[in-house]
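Below: final28.pdb (PDB, C-alpha atoms and all ligand atoms)
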MODEL        1
ATOM      1  CA  MET A 700     -38.775  94.730 114.607  1.00  0.00           C
ATOM      2  CA  GLU A 701     -35.932  95.115 112.126  1.00  0.00           C
ATOM      3  CA  SER A 702     -32.765  93.782 113.616  1.00  0.00           C
ATOM      4  CA  ILE A 703     -31.108  96.229 115.937  1.00  0.00           C
ATOM      5  CA  GLU A 704     -27.428  96.411 116.720  1.00  0.00           C
ATOM      6  CA  ILE A 705     -26.538  97.712 120.156  1.00  0.00           C
ATOM      7  CA  ARG A 706     -23.018  98.937 120.824  1.00  0.00           C
ATOM      8  CA  GLU A 707     -21.009 101.374 122.928  1.00  0.00           C
ATOM      9  CA  THR A 708     -20.847 104.769 121.296  1.00  0.00           C
ATOM     10  CA  VAL A 709     -17.666 106.328 119.925  1.00  0.00           C
ATOM     11  CA  PRO A 710     -16.799 110.055 119.771  1.00  0.00           C
ATOM     12  CA  GLY A 711     -17.785 110.163 116.098  1.00  0.00           C
ATOM     13  CA  ASP A 712     -21.409 109.326 117.060  1.00  0.00           C
ATOM     14  CA  LEU A 713     -21.947 112.615 118.909  1.00  0.00           C
ATOM     15  CA  ALA A 714     -23.808 114.508 116.169  1.00  0.00           C
ATOM     16  CA  LEU A 715     -26.150 111.566 115.597  1.00  0.00           C
ATOM     17  CA  ILE A 716     -26.784 111.150 119.327  1.00  0.00           C
ATOM     18  CA  GLU A 717     -27.576 114.869 119.592  1.00  0.00           C
ATOM     19  CA  ALA A 718     -30.042 114.627 116.714  1.00  0.00           C
ATOM     20  CA  VAL A 719     -31.946 111.811 118.457  1.00  0.00           C
ATOM     21  CA  TYR A 720     -32.300 113.886 121.673  1.00  0.00           C
ATOM     22  CA  ARG A 721     -33.338 117.002 119.727  1.00  0.00           C
ATOM     23  CA  ASP A 722     -36.058 115.068 117.918  1.00  0.00           C
ATOM     24  CA  ALA A 723     -37.239 113.012 120.904  1.00  0.00           C
ATOM     25  CA  PHE A 724     -37.342 115.968 123.331  1.00  0.00           C
ATOM     26  CA  PRO A 725     -38.459 118.995 121.274  1.00  0.00           C
ATOM     27  CA  ASP A 726     -39.425 120.933 124.435  1.00  0.00           C
ATOM     28  CA  GLU A 727     -36.455 120.053 126.610  1.00  0.00           C
ATOM     29  CA  ASP A 728     -32.764 120.710 125.965  1.00  0.00           C
ATOM     30  CA  LEU A 729     -30.965 117.642 127.227  1.00  0.00           C
ATOM     31  CA  LEU A 730     -27.897 118.236 125.068  1.00  0.00           C
ATOM     32  CA  PRO A 731     -25.789 119.961 127.764  1.00  0.00           C
ATOM     33  CA  LEU A 732     -26.433 116.994 130.076  1.00  0.00           C
ATOM     34  CA  VAL A 733     -25.704 114.440 127.364  1.00  0.00           C
ATOM     35  CA  ARG A 734     -22.495 116.194 126.292  1.00  0.00           C
ATOM     36  CA  ALA A 735     -21.271 116.574 129.879  1.00  0.00           C
ATOM     37  CA  LEU A 736     -22.037 112.945 130.723  1.00  0.00           C
ATOM     38  CA  LEU A 737     -20.196 111.699 127.669  1.00  0.00           C
ATOM     39  CA  GLN A 738     -17.062 113.410 129.055  1.00  0.00           C
ATOM     40  CA  GLU A 739     -17.612 111.896 132.483  1.00  0.00           C
ATOM     41  CA  ALA A 740     -15.307 109.162 133.762  1.00  0.00           C
ATOM     42  CA  GLN A 741     -18.148 107.667 135.822  1.00  0.00           C
ATOM     43  CA  VAL A 742     -20.191 106.810 132.747  1.00  0.00           C
ATOM     44  CA  ALA A 743     -20.363 103.023 132.747  1.00  0.00           C
ATOM     45  CA  SER A 744     -22.098 102.699 129.416  1.00  0.00           C
ATOM     46  CA  SER A 745     -23.204 104.939 126.561  1.00  0.00           C
ATOM     47  CA  LEU A 746     -25.166 102.638 124.304  1.00  0.00           C
ATOM     48  CA  ALA A 747     -26.485 103.289 120.837  1.00  0.00           C
ATOM     49  CA  GLY A 748     -29.138 101.306 119.025  1.00  0.00           C
ATOM     50  CA  LEU A 749     -28.587 101.115 115.285  1.00  0.00           C
ATOM     51  CA  ILE A 750     -30.792  99.872 112.488  1.00  0.00           C
ATOM     52  CA  GLY A 751     -28.496  99.380 109.569  1.00  0.00           C
ATOM     53  CA  SER A 752     -26.095 102.302 109.915  1.00  0.00           C
ATOM     54  CA  THR A 753     -28.739 104.675 111.360  1.00  0.00           C
ATOM     55  CA  LEU A 754     -28.446 105.592 115.035  1.00  0.00           C
ATOM     56  CA  VAL A 755     -32.048 105.372 116.299  1.00  0.00           C
ATOM     57  CA  GLY A 756     -31.695 105.326 120.085  1.00  0.00           C
ATOM     58  CA  HIS A 757     -29.332 106.044 122.930  1.00  0.00           C
ATOM     59  CA  VAL A 758     -29.004 105.616 126.679  1.00  0.00           C
ATOM     60  CA  ILE A 759     -26.428 106.596 129.283  1.00  0.00           C
ATOM     61  CA  LEU A 760     -25.766 104.624 132.469  1.00  0.00           C
ATOM     62  CA  THR A 761     -23.671 106.398 135.081  1.00  0.00           C
ATOM     63  CA  ARG A 762     -21.932 104.869 138.106  1.00  0.00           C
ATOM     64  CA  CYS A 763     -23.040 106.496 141.360  1.00  0.00           C
ATOM     65  CA  ASP A 764     -22.564 105.928 145.093  1.00  0.00           C
ATOM     66  CA  ILE A 765     -24.623 105.692 148.221  1.00  0.00           C
ATOM     67  CA  ALA A 766     -22.784 107.383 151.103  1.00  0.00           C
ATOM     68  CA  GLY A 767     -21.607 104.865 153.663  1.00  0.00           C
ATOM     69  CA  SER A 768     -22.218 101.884 151.384  1.00  0.00           C
ATOM     70  CA  SER A 769     -19.890  99.887 149.174  1.00  0.00           C
ATOM     71  CA  ASP A 770     -22.756  98.863 146.871  1.00  0.00           C
ATOM     72  CA  LYS A 771     -22.022  99.379 143.189  1.00  0.00           C
ATOM     73  CA  VAL A 772     -24.979 101.316 141.848  1.00  0.00           C
ATOM     74  CA  ALA A 773     -25.843 103.304 138.730  1.00  0.00           C
ATOM     75  CA  LEU A 774     -28.283 105.876 137.391  1.00  0.00           C
ATOM     76  CA  LEU A 775     -30.040 105.349 134.059  1.00  0.00           C
ATOM     77  CA  GLY A 776     -30.614 108.335 131.827  1.00  0.00           C
ATOM     78  CA  PRO A 777     -31.183 110.051 129.690  1.00  0.00           C
ATOM     79  CA  LEU A 778     -32.837 107.696 127.190  1.00  0.00           C
ATOM     80  CA  ALA A 779     -34.165 108.674 123.782  1.00  0.00           C
ATOM     81  CA  VAL A 780     -35.453 106.969 120.668  1.00  0.00           C
ATOM     82  CA  ASP A 781     -35.961 108.627 117.284  1.00  0.00           C
ATOM     83  CA  PRO A 782     -39.711 109.505 117.155  1.00  0.00           C
ATOM     84  CA  ALA A 783     -39.991 107.795 113.767  1.00  0.00           C
ATOM     85  CA  ARG A 784     -38.818 104.577 115.426  1.00  0.00           C
ATOM     86  CA  GLN A 785     -40.640 104.699 118.761  1.00  0.00           C
ATOM     87  CA  ARG A 786     -42.893 101.870 120.022  1.00  0.00           C
ATOM     88  CA  GLN A 787     -40.893  99.258 118.148  1.00  0.00           C
ATOM     89  CA  GLY A 788     -39.085  97.894 121.189  1.00  0.00           C
ATOM     90  CA  ILE A 789     -35.881  99.853 120.589  1.00  0.00           C
ATOM     91  CA  GLY A 790     -35.874 101.703 123.925  1.00  0.00           C
ATOM     92  CA  SER A 791     -36.532  98.454 125.799  1.00  0.00           C
ATOM     93  CA  ALA A 792     -33.795  96.624 123.905  1.00  0.00           C
ATOM     94  CA  ILE A 793     -31.227  99.326 124.665  1.00  0.00           C
ATOM     95  CA  VAL A 794     -32.175  99.476 128.349  1.00  0.00           C
ATOM     96  CA  ARG A 795     -32.034  95.675 128.703  1.00  0.00           C
ATOM     97  CA  ALA A 796     -28.608  95.581 127.050  1.00  0.00           C
ATOM     98  CA  GLY A 797     -27.404  98.328 129.391  1.00  0.00           C
ATOM     99  CA  LEU A 798     -28.681  96.524 132.481  1.00  0.00           C
ATOM    100  CA  GLN A 799     -26.958  93.332 131.349  1.00  0.00           C
ATOM    101  CA  ARG A 800     -23.649  95.163 130.952  1.00  0.00           C
ATOM    102  CA  LEU A 801     -23.987  96.674 134.415  1.00  0.00           C
ATOM    103  CA  GLU A 802     -24.861  93.318 135.938  1.00  0.00           C
ATOM    104  CA  ASP A 803     -21.786  91.794 134.287  1.00  0.00           C
ATOM    105  CA  ALA A 804     -19.731  94.603 135.835  1.00  0.00           C
ATOM    106  CA  GLY A 805     -21.051  93.763 139.310  1.00  0.00           C
ATOM    107  CA  VAL A 806     -23.520  96.630 139.660  1.00  0.00           C
ATOM    108  CA  SER A 807     -26.300  95.644 142.065  1.00  0.00           C
ATOM    109  CA  HIS A 808     -28.887  98.412 141.737  1.00  0.00           C
ATOM    110  CA  VAL A 809     -29.874 100.836 138.992  1.00  0.00           C
ATOM    111  CA  TYR A 810     -31.988 103.950 139.619  1.00  0.00           C
ATOM    112  CA  VAL A 811     -34.073 105.990 137.212  1.00  0.00           C
ATOM    113  CA  LEU A 812     -36.372 109.011 137.269  1.00  0.00           C
ATOM    114  CA  GLY A 813     -38.941 108.325 134.585  1.00  0.00           C
ATOM    115  CA  ASP A 814     -42.424 107.228 133.606  1.00  0.00           C
ATOM    116  CA  PRO A 815     -43.425 104.216 135.767  1.00  0.00           C
ATOM    117  CA  ALA A 816     -45.684 102.964 132.963  1.00  0.00           C
ATOM    118  CA  TYR A 817     -42.582 102.620 130.819  1.00  0.00           C
ATOM    119  CA  TYR A 818     -39.904 101.526 133.289  1.00  0.00           C
ATOM    120  CA  GLY A 819     -42.292  99.207 135.177  1.00  0.00           C
ATOM    121  CA  ARG A 820     -42.438  97.027 132.057  1.00  0.00           C
ATOM    122  CA  LEU A 821     -38.676  96.685 132.245  1.00  0.00           C
ATOM    123  CA  GLY A 822     -38.740  95.514 135.859  1.00  0.00           C
ATOM    124  CA  PHE A 823     -38.222  98.793 137.717  1.00  0.00           C
ATOM    125  CA  VAL A 824     -40.227  99.310 140.915  1.00  0.00           C
ATOM    126  CA  PRO A 825     -40.808 102.446 143.007  1.00  0.00           C
ATOM    127  CA  GLU A 826     -37.740 103.219 145.143  1.00  0.00           C
ATOM    128  CA  THR A 827     -38.343 104.257 148.735  1.00  0.00           C
ATOM    129  CA  VAL A 828     -35.128 103.344 150.563  1.00  0.00           C
ATOM    130  CA  VAL A 829     -32.535 105.267 148.565  1.00  0.00           C
ATOM    131  CA  ALA A 830     -33.385 108.924 148.047  1.00  0.00           C
ATOM    132  CA  PRO A 831     -32.762 110.844 144.837  1.00  0.00           C
ATOM    133  CA  PRO A 832     -30.086 113.580 144.918  1.00  0.00           C
ATOM    134  CA  TYR A 833     -32.743 116.274 145.366  1.00  0.00           C
ATOM    135  CA  PRO A 834     -36.143 115.956 147.035  1.00  0.00           C
ATOM    136  CA  LEU A 835     -38.871 115.338 144.470  1.00  0.00           C
ATOM    137  CA  PRO A 836     -42.259 117.032 144.418  1.00  0.00           C
ATOM    138  CA  ALA A 837     -45.040 114.709 145.625  1.00  0.00           C
ATOM    139  CA  GLU A 838     -46.412 114.111 142.127  1.00  0.00           C
ATOM    140  CA  TRP A 839     -43.011 112.842 140.935  1.00  0.00           C
ATOM    141  CA  ARG A 840     -42.319 110.403 143.782  1.00  0.00           C
ATOM    142  CA  GLY A 841     -43.635 107.415 141.811  1.00  0.00           C
ATOM    143  CA  ALA A 842     -41.234 108.299 139.011  1.00  0.00           C
ATOM    144  CA  TRP A 843     -38.207 107.515 141.224  1.00  0.00           C
ATOM    145  CA  GLN A 844     -37.591 103.838 140.611  1.00  0.00           C
ATOM    146  CA  SER A 845     -34.955 101.132 140.820  1.00  0.00           C
ATOM    147  CA  ILE A 846     -34.165  97.633 139.691  1.00  0.00           C
ATOM    148  CA  SER A 847     -32.059  95.088 141.576  1.00  0.00           C
ATOM    149  CA  LEU A 848     -29.720  93.087 139.409  1.00  0.00           C
ATOM    150  CA  ARG A 849     -28.795  89.468 139.991  1.00  0.00           C
ATOM    151  CA  GLY A 850     -31.071  89.128 143.042  1.00  0.00           C
ATOM    152  CA  ALA A 851     -29.048  91.696 144.988  1.00  0.00           C
ATOM    153  CA  GLU A 852     -29.917  92.474 148.589  1.00  0.00           C
ATOM    154  CA  PRO A 853     -31.641  95.810 149.172  1.00  0.00           C
ATOM    155  CA  PRO A 854     -29.023  98.569 149.484  1.00  0.00           C
ATOM    156  CA  CYS A 855     -28.378 100.581 152.624  1.00  0.00           C
ATOM    157  CA  ARG A 856     -30.659 103.478 153.304  1.00  0.00           C
ATOM    158  CA  GLY A 857     -29.179 106.702 151.990  1.00  0.00           C
ATOM    159  CA  LYS A 858     -29.083 109.249 149.250  1.00  0.00           C
ATOM    160  CA  LEU A 859     -27.832 108.606 145.748  1.00  0.00           C
ATOM    161  CA  SER A 860     -24.651 110.534 145.126  1.00  0.00           C
ATOM    162  CA  VAL A 861     -24.386 111.440 141.440  1.00  0.00           C
ATOM    163  CA  PRO A 862     -21.537 112.910 139.371  1.00  0.00           C
ATOM    164  CA  LYS A 863     -21.463 116.610 138.543  1.00  0.00           C
ATOM    165  CA  PRO A 864     -23.501 116.706 135.317  1.00  0.00           C
ATOM    166  CA  TRP A 865     -26.499 115.356 137.260  1.00  0.00           C
ATOM    167  CA  LEU A 866     -26.088 117.903 140.080  1.00  0.00           C
ATOM    168  CA  GLN A 867     -28.607 120.358 138.694  1.00  0.00           C
ATOM    169  CA  PRO A 868     -31.873 120.756 140.589  1.00  0.00           C
ATOM    170  CA  ALA A 869     -33.674 121.578 137.323  1.00  0.00           C
ATOM    171  CA  LEU A 870     -33.084 118.009 136.136  1.00  0.00           C
ATOM    172  CA  TRP A 871     -34.996 116.724 139.153  1.00  0.00           C
ATOM    173  CA  ALA A 872     -37.979 119.066 139.117  1.00  0.00           C
ATOM    174  CA  PRO A 873     -40.956 119.481 136.786  1.00  0.00           C
TER     175      PRO A 873
HETATM  176  C1  LIG A 901     -39.662 106.765 126.110  1.00  0.00           C
HETATM  177  C2  LIG A 901     -38.879 106.178 124.935  1.00  0.00           C
HETATM  178  C3  LIG A 901     -37.398 106.184 125.259  1.00  0.00           C
HETATM  179  C4  LIG A 901     -39.361 104.726 124.747  1.00  0.00           C
HETATM  180  O1  LIG A 901     -38.661 104.124 123.662  1.00  0.00           O
HETATM  181  P1  LIG A 901     -39.443 103.192 122.624  1.00  0.00           P
HETATM  182  O2  LIG A 901     -38.447 102.537 121.763  1.00  0.00           O
HETATM  183  O3  LIG A 901     -40.513 103.999 121.998  1.00  0.00           O
HETATM  184  O4  LIG A 901     -40.118 102.154 123.662  1.00  0.00           O
HETATM  185  P2  LIG A 901     -40.459 100.623 123.430  1.00  0.00           P
HETATM  186  O5  LIG A 901     -40.890 100.421 122.028  1.00  0.00           O
HETATM  187  O6  LIG A 901     -39.358  99.809 123.967  1.00  0.00           O
HETATM  188  O7  LIG A 901     -41.702 100.439 124.410  1.00  0.00           O
HETATM  189  C5  LIG A 901     -42.845 101.182 124.186  1.00  0.00           C
HETATM  190  C6  LIG A 901     -43.914 100.700 125.117  1.00  0.00           C
HETATM  191  O8  LIG A 901     -43.815 101.305 126.368  1.00  0.00           O
HETATM  192  C7  LIG A 901     -45.082 101.872 126.721  1.00  0.00           C
HETATM  193  N1  LIG A 901     -44.869 103.226 127.158  1.00  0.00           N
HETATM  194  C8  LIG A 901     -45.172 103.690 128.344  1.00  0.00           C
HETATM  195  N2  LIG A 901     -44.813 104.956 128.478  1.00  0.00           N
HETATM  196  C9  LIG A 901     -44.267 105.321 127.313  1.00  0.00           C
HETATM  197  C10 LIG A 901     -43.703 106.517 126.837  1.00  0.00           C
HETATM  198  N3  LIG A 901     -43.615 107.638 127.605  1.00  0.00           N
HETATM  199  N4  LIG A 901     -43.222 106.521 125.580  1.00  0.00           N
HETATM  200  C11 LIG A 901     -43.284 105.409 124.803  1.00  0.00           C
HETATM  201  N5  LIG A 901     -43.815 104.274 125.224  1.00  0.00           N
HETATM  202  C12 LIG A 901     -44.298 104.214 126.465  1.00  0.00           C
HETATM  203  C13 LIG A 901     -45.978 101.855 125.546  1.00  0.00           C
HETATM  204  O9  LIG A 901     -47.157 101.274 125.999  1.00  0.00           O
HETATM  205  C14 LIG A 901     -45.266 101.037 124.517  1.00  0.00           C
HETATM  206  O10 LIG A 901     -45.891  99.814 124.348  1.00  0.00           O
HETATM  207  P3  LIG A 901     -47.044  99.606 123.257  1.00  0.00           P
HETATM  208  O11 LIG A 901     -46.514 100.176 121.975  1.00  0.00           O
HETATM  209  O12 LIG A 901     -47.209  98.128 123.263  1.00  0.00           O
HETATM  210  O13 LIG A 901     -48.218 100.343 123.793  1.00  0.00           O
HETATM  211  C15 LIG A 901     -39.120 106.938 123.631  1.00  0.00           C
HETATM  212  O14 LIG A 901     -40.471 106.840 123.311  1.00  0.00           O
HETATM  213  C16 LIG A 901     -38.720 108.376 123.668  1.00  0.00           C
HETATM  214  O15 LIG A 901     -37.578 108.732 123.383  1.00  0.00           O
HETATM  215  N6  LIG A 901     -39.698 109.241 123.981  1.00  0.00           N
HETATM  216  C17 LIG A 901     -39.540 110.667 123.939  1.00  0.00           C
HETATM  217  C18 LIG A 901     -38.907 111.189 125.117  1.00  0.00           C
HETATM  218  C19 LIG A 901     -39.534 110.739 126.409  1.00  0.00           C
HETATM  219  O16 LIG A 901     -40.729 110.801 126.623  1.00  0.00           O
HETATM  220  N7  LIG A 901     -38.677 110.293 127.288  1.00  0.00           N
HETATM  221  C20 LIG A 901     -39.052 109.859 128.584  1.00  0.00           C
HETATM  222  C21 LIG A 901     -37.968 108.960 129.079  1.00  0.00           C
HETATM  223  S1  LIG A 901     -38.232 108.718 130.799  1.00  0.00           S
ENDMDL
END

When written as structure tokens, how does the structure in this file appear?
Amino acid sequence: MESIEIRETVPGDLALIEAVYRDAFPDEDLLPLVRALLQEAQVASSLAGLIGSTLVGHVILTRCDIAGSSDKVALLGPLAVDPARQRQGIGSAIVRAGLQRLEDAGVSHVYVLGDPAYYGRLGFVPETVVAPPYPLPAEWRGAWQSISLRGAEPPCRGKLSVPKPWLQPALWAP
């Protein structure tokens, strides 16, 4: 892989971030979610992957809560890599960098709704104790996953409480 630089995004990156999501998700408009999250105080990390000066990938990690628990937790997503640059390890590199930043910030668990074949390689396992914000259809249950950072204890049972941009049932249904 060509060397990739991973850094926090700045407001001037927005058009390039939007282009990556448009290209990576031609059938799904994630731009309203991405734009809203980038305005959100609870976003812990908005990371870009760059090859040279070209922005080729992006992920957002958002701080969330579990009611009744003081655990510091986060939700990963969305994640996108320029289709011309997929399967070169860029998505994995960005996710790993994001998880490291969260671990350094004391976050114990990170949740994701995504393809288990992909996130399983990064250490995510199916999550059964903490529920997603909306009930998932049976065929999506395996897509709800989590990773424990720094050998954290399992979190309390509960439901993940997410900030407003994620409070849209359509984002949690096929
Ligand atoms: C999913 C995505 C972020 C992965 O980024 P990437 O840089 O291509 O991924 P990496 O190179 O780090 O890893 C790719 C590996 O994961 C595996 N994999 C599993 N599911 C995959 C998927 N849906 N897309 C790409 N790779 C996938 C592949 O086997 C691949 O390994 P291989 O090339 O050795 O077979 C990127 O492909 C993307 O933006 N896809 C379009 C949108 C999408 O499907 N998003 C779903 C996110 S949940």

So which residues are near ligand LIG 901 (chain A), meaning at most 6 Å away with all atoms listed in the file counted, given back as a short mmCIF file (atom, residue, chain, number, x, y, z; two decimals) with C-alpha atoms, in the coordinates of the input?
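To be explicit, this is the file written out as result10.cif:
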data_model
loop_
_atom_site.label_atom_id
_atom_site.label_comp_id
_atom_site.auth_asym_id
_atom_site.auth_seq_id
_atom_site.Cartn_x
_atom_site.Cartn_y
_atom_site.Cartn_z
CA ALA A 723 -37.24 113.01 120.90
CA PHE A 724 -37.34 115.97 123.33
CA LEU A 778 -32.84 107.70 127.19
CA ALA A 779 -34.16 108.67 123.78
CA VAL A 780 -35.45 106.97 120.67
CA GLN A 785 -40.64 104.70 118.76
CA ARG A 786 -42.89 101.87 120.02
CA GLN A 787 -40.89 99.26 118.15
CA GLY A 788 -39.08 97.89 121.19
CA ILE A 789 -35.88 99.85 120.59
CA GLY A 790 -35.87 101.70 123.92
CA SER A 791 -36.53 98.45 125.80
CA GLY A 813 -38.94 108.32 134.58
CA ASP A 814 -42.42 107.23 133.61
CA ALA A 816 -45.68 102.96 132.96
CA TYR A 817 -42.58 102.62 130.82
#

Hey, can you check how far atom CA of A:Ser860 sits from atom CA of A:Thr761? 10.9 Å

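The space between atom CA of A:Cys763 and atom CA of A:Val809 spans 9.2 Å.
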
Mind checking which residues fall within 12 Å of A:Pro731, counting all atoms listed in the file, ignoring those fewer than 6 positions away in the same chain, and posting them as a PyMOL selection string? chain A and resi 717+720-721+737-738+777+864-865+867+870

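For the residues A:Ile759, A:Ala830, A:Ala851, A:Val742, ranking by smallest atom-to-atom distance to A:Ala796 using only C-alpha atoms places A:Ile759 first.
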
Axis-aligned box over every listed atom of stretch 850-862 of chain A, padded by 8 Å per side: centre and edges in Å to one decimal, as JSON?
{"center_x": -26.6, "center_y": 101.0, "center_z": 146.3, "size_x": 26.1, "size_y": 39.8, "size_z": 29.9}

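Reported to one decimal place, the separation of atom CA of A:Glu727 from atom CA of A:Glu707 is 24.5 Å.
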
Do you know which residues are at most 8 Å from A:Pro832 counting only C-alpha atoms, after dropping those on the same chain fewer than 4 positions away, and could you put them as a ChimeraX atom specification? /A:858-861,866

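Counting all atoms listed in the file, A:Glu701 has the following residues at most 9 Å away, ignoring those fewer than 2 positions along the same chain: Ile703, Ile750, Gly751 and Gln787 of chain A.
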
Selection to disk with C-alpha atoms, as an mmCIF file, keeping the file's coordinate frame:
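Output saved as selection.cif:
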data_model
loop_
_atom_site.group_PDB
_atom_site.id
_atom_site.type_symbol
_atom_site.label_atom_id
_atom_site.label_comp_id
_atom_site.auth_asym_id
_atom_site.auth_seq_id
_atom_site.Cartn_x
_atom_site.Cartn_y
_atom_site.Cartn_z
ATOM 1 C CA ILE A 703 -31.108 96.229 115.937
ATOM 2 C CA ILE A 750 -30.792 99.872 112.488
ATOM 3 C CA GLY A 751 -28.496 99.380 109.569
ATOM 4 C CA GLN A 787 -40.893 99.258 118.148
#

Apply the PyMOL selection byres (((chain A and resi 844) around 9) and not hetatm) to the displayed file and report the matching residues as a VMD selection string. chain A and resid 809 to 813 815 818 to 819 823 to 827 840 to 843 845 to 846

Which residues, written as a PyMOL selection string, have at least one atom at most 9 Å from A:Leu746, with all atoms listed in the file counted and residues fewer than 4 positions away on the same chain left out? chain A and resi 705-708+756-760+793-794+796-797

What do you get, as a ChimeraX atom specification, if you spell out every residue that the PyMOL selection byres (((chain A and resi 804) around 12) and not hetatm) selects here? /A:743-744,762,771-773,797-803,805-808,848-849

A:Gly857, A:Pro831, A:Pro862, A:Pro868 ranked by distance to A:Leu736, top pick (using only C-alpha atoms): A:Pro862

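Distance check against A:Ala718 using only C-alpha atoms: of A:Gly767, A:Pro782, A:Pro834, A:Gly822, the minimum falls on A:Pro782.
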